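Data from upload-v8.cif: mmCIF, C-alpha atoms
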```cif
data_target
#
loop_
_atom_site.group_PDB
_atom_site.id
_atom_site.type_symbol
_atom_site.label_atom_id
_atom_site.label_comp_id
_atom_site.auth_asym_id
_atom_site.auth_seq_id
_atom_site.Cartn_x
_atom_site.Cartn_y
_atom_site.Cartn_z
ATOM 1 C CA MET A 1 115.075 113.419 127.620
ATOM 2 C CA ILE A 2 118.329 114.555 126.044
ATOM 3 C CA THR A 3 119.291 118.037 127.235
ATOM 4 C CA SER A 4 121.567 119.080 124.356
ATOM 5 C CA GLU A 5 119.630 120.632 121.473
ATOM 6 C CA THR A 6 122.316 119.564 119.009
ATOM 7 C CA ALA A 7 122.182 115.960 120.228
ATOM 8 C CA ARG A 8 118.363 115.970 120.023
ATOM 9 C CA ASN A 9 118.485 117.305 116.452
ATOM 10 C CA VAL A 10 121.081 114.758 115.361
ATOM 11 C CA LEU A 11 119.109 111.905 116.932
ATOM 12 C CA ASN A 12 115.891 113.211 115.355
ATOM 13 C CA PHE A 13 117.540 113.297 111.920
ATOM 14 C CA ILE A 14 118.911 109.755 112.338
ATOM 15 C CA LEU A 15 115.548 108.412 113.550
ATOM 16 C CA PHE A 16 113.795 109.916 110.535
ATOM 17 C CA GLN A 17 116.327 108.488 108.082
ATOM 18 C CA ILE A 18 116.034 105.013 109.602
ATOM 19 C CA GLY A 19 112.230 105.272 109.591
ATOM 20 C CA TRP A 20 112.087 106.424 105.969
ATOM 21 C CA PHE A 21 114.404 103.646 104.832
ATOM 22 C CA ALA A 22 112.571 100.964 106.853
ATOM 23 C CA CYS A 23 109.206 102.020 105.425
ATOM 24 C CA VAL A 24 110.468 102.122 101.835
ATOM 25 C CA VAL A 25 112.342 98.807 101.987
ATOM 26 C CA TYR A 26 109.780 96.964 104.160
ATOM 27 C CA PRO A 27 106.455 98.661 103.351
ATOM 28 C CA ASP A 28 104.137 95.836 104.380
ATOM 29 C CA VAL A 29 104.355 95.578 108.161
ATOM 30 C CA ILE A 30 107.919 95.852 109.382
ATOM 31 C CA GLY A 31 108.551 99.397 108.149
ATOM 32 C CA PRO A 32 105.517 100.996 109.829
ATOM 33 C CA ILE A 33 106.243 99.105 113.058
ATOM 34 C CA VAL A 34 109.856 100.313 112.999
ATOM 35 C CA ALA A 35 108.617 103.870 112.349
ATOM 36 C CA LEU A 36 106.244 103.630 115.312
ATOM 37 C CA LEU A 37 109.058 102.431 117.569
ATOM 38 C CA LEU A 38 111.274 105.265 116.338
ATOM 39 C CA LEU A 39 108.518 107.768 117.125
ATOM 40 C CA VAL A 40 108.321 106.376 120.658
ATOM 41 C CA ILE A 41 112.086 106.880 120.989
ATOM 42 C CA HIS A 42 111.630 110.395 119.614
ATOM 43 C CA PHE A 43 108.978 111.240 122.218
ATOM 44 C CA VAL A 44 111.069 109.803 125.053
ATOM 45 C CA LEU A 45 114.454 111.283 124.128
ATOM 46 C CA VAL A 46 113.879 114.260 121.809
ATOM 47 C CA SER A 47 110.481 115.873 122.314
ATOM 48 C CA GLN A 48 110.180 118.597 124.915
ATOM 49 C CA ASN A 49 106.477 119.335 124.410
ATOM 50 C CA ARG A 50 105.117 115.839 123.927
ATOM 51 C CA LEU A 51 101.377 116.469 123.812
ATOM 52 C CA THR A 52 101.645 119.546 121.612
ATOM 53 C CA GLU A 53 104.102 117.846 119.291
ATOM 54 C CA LEU A 54 101.893 114.755 119.095
ATOM 55 C CA GLN A 55 98.985 116.973 117.998
ATOM 56 C CA PHE A 56 101.128 118.698 115.381
ATOM 57 C CA ILE A 57 102.511 115.403 114.078
ATOM 58 C CA GLY A 58 98.977 114.013 113.907
ATOM 59 C CA LEU A 59 97.661 117.002 111.963
ATOM 60 C CA GLY A 60 100.569 116.984 109.515
ATOM 61 C CA THR A 61 100.332 113.232 109.051
ATOM 62 C CA VAL A 62 96.680 113.554 108.059
ATOM 63 C CA VAL A 63 97.456 116.388 105.622
ATOM 64 C CA GLY A 64 100.410 114.556 104.077
ATOM 65 C CA SER A 65 98.533 111.271 103.860
ATOM 66 C CA LEU A 66 95.629 112.949 102.090
ATOM 67 C CA LEU A 67 98.084 114.475 99.622
ATOM 68 C CA ASP A 68 99.706 111.089 98.980
ATOM 69 C CA GLY A 69 96.254 109.541 98.568
ATOM 70 C CA LEU A 70 95.424 112.191 95.986
ATOM 71 C CA TRP A 71 98.660 111.463 94.129
ATOM 72 C CA LEU A 72 97.985 107.717 94.180
ATOM 73 C CA ASN A 73 94.430 108.129 92.921
ATOM 74 C CA THR A 74 95.349 110.580 90.152
ATOM 75 C CA GLY A 75 98.262 108.552 88.813
ATOM 76 C CA VAL A 76 101.085 110.824 89.969
ATOM 77 C CA LEU A 77 102.265 107.857 92.061
ATOM 78 C CA ASP A 78 101.544 104.194 91.449
ATOM 79 C CA ASN A 79 101.702 101.488 94.093
ATOM 80 C CA GLY A 80 100.720 98.685 91.728
ATOM 81 C CA SER A 81 96.989 98.748 92.467
ATOM 82 C CA ASP A 82 94.387 99.715 89.865
ATOM 83 C CA ALA A 83 91.711 100.164 92.519
ATOM 84 C CA LEU A 84 90.886 103.411 94.270
ATOM 85 C CA VAL A 85 93.317 103.379 97.138
ATOM 86 C CA ILE A 86 93.737 104.937 100.500
ATOM 87 C CA THR A 87 97.223 105.944 101.458
ATOM 88 C CA PRO A 88 99.253 102.854 102.399
ATOM 89 C CA LEU A 89 100.330 102.588 106.032
ATOM 90 C CA TRP A 90 104.012 102.843 105.141
ATOM 91 C CA LEU A 91 103.475 106.288 103.569
ATOM 92 C CA VAL A 92 101.430 107.390 106.589
ATOM 93 C CA ALA A 93 104.309 106.243 108.820
ATOM 94 C CA ILE A 94 106.808 108.218 106.743
ATOM 95 C CA TRP A 95 104.680 111.335 107.131
ATOM 96 C CA ALA A 96 104.543 110.852 110.901
ATOM 97 C CA THR A 97 108.299 110.475 111.201
ATOM 98 C CA PHE A 98 108.838 113.388 108.806
ATOM 99 C CA MET A 99 106.569 115.621 110.881
ATOM 100 C CA SER A 100 108.780 114.948 113.901
ATOM 101 C CA THR A 101 111.646 116.702 112.094
ATOM 102 C CA LEU A 102 109.877 120.032 111.624
ATOM 103 C CA SER A 103 110.359 121.056 115.246
ATOM 104 C CA HIS A 104 113.849 119.634 115.532
ATOM 105 C CA SER A 105 116.351 118.726 112.806
ATOM 106 C CA LEU A 106 114.528 120.729 110.097
ATOM 107 C CA ASN A 107 113.594 123.655 112.332
ATOM 108 C CA TRP A 108 116.349 125.747 110.720
ATOM 109 C CA ILE A 109 114.274 125.981 107.531
ATOM 110 C CA SER A 110 111.512 127.861 109.344
ATOM 111 C CA ARG A 111 113.884 130.659 110.368
ATOM 112 C CA LYS A 112 113.877 132.038 106.828
ATOM 113 C CA VAL A 113 110.583 131.551 104.992
ATOM 114 C CA TRP A 114 112.163 131.526 101.549
ATOM 115 C CA LEU A 115 114.125 128.374 102.465
ATOM 116 C CA ALA A 116 110.903 126.361 102.638
ATOM 117 C CA PHE A 117 109.945 127.505 99.156
ATOM 118 C CA LEU A 118 113.422 126.711 97.860
ATOM 119 C CA PHE A 119 114.023 123.278 99.386
ATOM 120 C CA ALA A 120 110.528 121.745 99.474
ATOM 121 C CA PRO A 121 109.971 121.403 95.701
ATOM 122 C CA ILE A 122 113.386 119.754 95.395
ATOM 123 C CA ALA A 123 113.683 117.576 98.504
ATOM 124 C CA GLY A 124 110.068 116.336 98.504
ATOM 125 C CA PRO A 125 110.089 114.921 94.962
ATOM 126 C CA PHE A 126 113.616 113.581 95.511
ATOM 127 C CA ALA A 127 112.330 111.426 98.381
ATOM 128 C CA TYR A 128 109.606 109.920 96.174
ATOM 129 C CA TRP A 129 112.033 109.424 93.291
ATOM 130 C CA SER A 130 114.421 107.671 95.725
ATOM 131 C CA ALA A 131 111.569 105.474 96.955
ATOM 132 C CA SER A 132 110.778 104.614 93.339
ATOM 133 C CA LYS A 133 114.393 103.550 92.762
ATOM 134 C CA LEU A 134 114.062 101.210 95.760
ATOM 135 C CA GLY A 135 110.830 99.759 94.325
ATOM 136 C CA ALA A 136 108.329 101.143 96.836
ATOM 137 C CA VAL A 137 106.346 103.202 94.305
ATOM 138 C CA THR A 138 106.411 104.022 90.625
ATOM 139 C CA LEU A 139 106.403 107.453 89.042
ATOM 140 C CA PRO A 140 104.387 106.560 85.902
ATOM 141 C CA ASP A 141 105.215 109.707 83.942
ATOM 142 C CA LEU A 142 108.478 110.881 85.488
ATOM 143 C CA ALA A 143 108.334 114.519 84.377
ATOM 144 C CA LEU A 144 104.647 114.953 85.225
ATOM 145 C CA SER A 145 105.034 113.104 88.533
ATOM 146 C CA ILE A 146 108.045 115.190 89.592
ATOM 147 C CA ALA A 147 106.256 118.408 88.610
ATOM 148 C CA ALA A 148 103.112 117.465 90.553
ATOM 149 C CA LEU A 149 105.140 116.379 93.577
ATOM 150 C CA ALA A 150 107.143 119.623 93.450
ATOM 151 C CA LEU A 151 103.969 121.705 93.304
ATOM 152 C CA GLY A 152 102.413 119.744 96.161
ATOM 153 C CA TRP A 153 105.480 120.145 98.338
ATOM 154 C CA LEU A 154 105.780 123.811 97.393
ATOM 155 C CA LEU A 155 102.295 124.321 98.855
ATOM 156 C CA VAL A 156 102.173 121.839 101.741
ATOM 157 C CA PHE A 157 105.600 122.229 103.333
ATOM 158 C CA PRO A 158 105.394 126.009 103.960
ATOM 159 C CA LEU A 159 101.778 125.508 105.075
ATOM 160 C CA LEU A 160 102.914 122.959 107.670
ATOM 161 C CA LEU A 161 105.607 125.340 108.927
ATOM 162 C CA PHE A 162 103.070 128.188 109.101
ATOM 163 C CA THR A 163 100.631 125.931 110.954
ATOM 164 C CA ARG A 164 103.293 125.007 113.474
ATOM 165 C CA LYS A 165 104.219 128.641 114.028
ATOM 166 C CA SER A 166 100.628 129.862 114.385
ATOM 167 C CA LEU A 167 98.853 126.962 116.114
ATOM 168 C CA TYR A 168 101.744 125.419 118.032
ATOM 169 C CA PRO A 169 104.143 128.308 118.817
ATOM 170 C CA GLU A 170 105.759 126.427 121.688
ATOM 171 C CA LEU A 171 107.266 124.061 119.090
ATOM 172 C CA SER A 172 109.038 126.865 117.203
#
```

Can you dump the structure from the file as structure tokens?
Amino acid sequence: MITSETARNVLNFILFQIGWFACVVYPDVIGPIVALLLLVIHFVLVSQNRLTELQFIGLGTVVGSLLDGLWLNTGVLDNGSDALVITPLWLVAIWATFMSTLSHSLNWISRKVWLAFLFAPIAGPFAYWSASKLGAVTLPDLALSIAALALGWLLVFPLLLFTRKSLYPELS
């Protein structure tokens, strides 16, 4: 494990960025496998409370994946399938790698509650818009999709931070 908090946070940020990009560019199999390998690196080098953090990442991944599934099935996002869909593995993998940042490189946001409400409705939709520009998903009605994504992130992101603080205080 890396002893420097700054080094852990920088590595955590880099691992997330690589994982996000791998999943968006190679959504079929390679991206989720890369994300899994990056999570292993995270748990070996960054995490200080492995079991607790694994539980938190698991919970947040389920919540985020359900939200993405809702967006896919209501037309906020489109992955090219007309059938009722479950959340694709590459989006699940992105949620898992994202959740690893909440106790490390994005922990600074939880120090002032208002920051979560400010950044989430901007940064969340921006990630989906970026993924759409790389061809991973489509935002069928751009304005409606961005608004729905912003609302979802406005609710879910602070909830995840609150959950971490209340259920997993050792991660704060």

(message) Since I can't run it myself right now, could you work out what the PyMOL selection byres ((chain A and resi 97) around 9) selects here and report it as a ChimeraX atom specification?
(response) /A:15-17,19-20,35-36,38-39,57,61,92-96,98-101

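Closest approach to A:Asp68 among A:Ser166, A:Val25, A:Leu51, A:Ile86: A:Ile86, based on only C-alpha atoms.
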
(request) With the file shown as input, list the residues that the PyMOL selection byres ((chain A and resi 27) around 12) selects, as a VMD selection string. (result) chain A and resid 19 to 26 28 to 35 79 87 to 94 131 134 to 137

Expected file: the selected residues, C-alpha atoms, as a tab-separated table (two decimals), keeping the file's coordinate frame:
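The resulting file, part-v7.tsv, is reproduced below:
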```tsv
chain	number	residue	atom	x	y	z
A	19	GLY	CA	112.23	105.27	109.59
A	20	TRP	CA	112.09	106.42	105.97
A	21	PHE	CA	114.40	103.65	104.83
A	22	ALA	CA	112.57	100.96	106.85
A	23	CYS	CA	109.21	102.02	105.42
A	24	VAL	CA	110.47	102.12	101.84
A	25	VAL	CA	112.34	98.81	101.99
A	26	TYR	CA	109.78	96.96	104.16
A	28	ASP	CA	104.14	95.84	104.38
A	29	VAL	CA	104.36	95.58	108.16
A	30	ILE	CA	107.92	95.85	109.38
A	31	GLY	CA	108.55	99.40	108.15
A	32	PRO	CA	105.52	101.00	109.83
A	33	ILE	CA	106.24	99.10	113.06
A	34	VAL	CA	109.86	100.31	113.00
A	35	ALA	CA	108.62	103.87	112.35
A	79	ASN	CA	101.70	101.49	94.09
A	87	THR	CA	97.22	105.94	101.46
A	88	PRO	CA	99.25	102.85	102.40
A	89	LEU	CA	100.33	102.59	106.03
A	90	TRP	CA	104.01	102.84	105.14
A	91	LEU	CA	103.48	106.29	103.57
A	92	VAL	CA	101.43	107.39	106.59
A	93	ALA	CA	104.31	106.24	108.82
A	94	ILE	CA	106.81	108.22	106.74
A	131	ALA	CA	111.57	105.47	96.96
A	134	LEU	CA	114.06	101.21	95.76
A	135	GLY	CA	110.83	99.76	94.32
A	136	ALA	CA	108.33	101.14	96.84
A	137	VAL	CA	106.35	103.20	94.30
```

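Straight-line separation from atom CA of A:Ser103 to atom CA of A:Glu53: 8.1 Å.
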
(request) Might you pull out every residue within 12 Å of A:Ile146, with all atoms listed in the file counted and same-chain residues fewer than 4 positions away left off, and present them as a ChimeraX atom specification? (result) /A:71,75-77,121-130,132,138-142,150-154

(message) Please list as a ChimeraX atom specification every residue within 9 Å of A:Leu171, counting only C-alpha atoms and excluding residues in the same chain fewer than 4 positions away.
(response) /A:48-49,52-53,56,102-104,164-165

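Surrounding residues of (93.6, 108.8, 96.0) at most 7 Å away are Gly69, Leu70, Trp71, Leu72, Asn73, Thr74, Leu84, Val85 and Ile86 of chain A (based on only C-alpha atoms).
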
(request) Just give me the gap between atom CA of A:Ala148 and atom CA of A:Leu160 in Å, one decimal is fine. (result) 18.0 Å

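Picture a line from atom CA of A:Ala143 to atom CA of A:Val156; it runs 19.8 Å.
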
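In this comparison, which uses all atoms listed in the file, the residue of A:Val10, A:Ser4, A:Phe43, A:Ser145 approaching A:Asp78 most closely is A:Ser145.
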
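Nearest to A:Ala7 of all the residues A:Leu45, A:Leu37, A:Leu67, A:Leu106 is A:Leu45, based on all atoms listed in the file.
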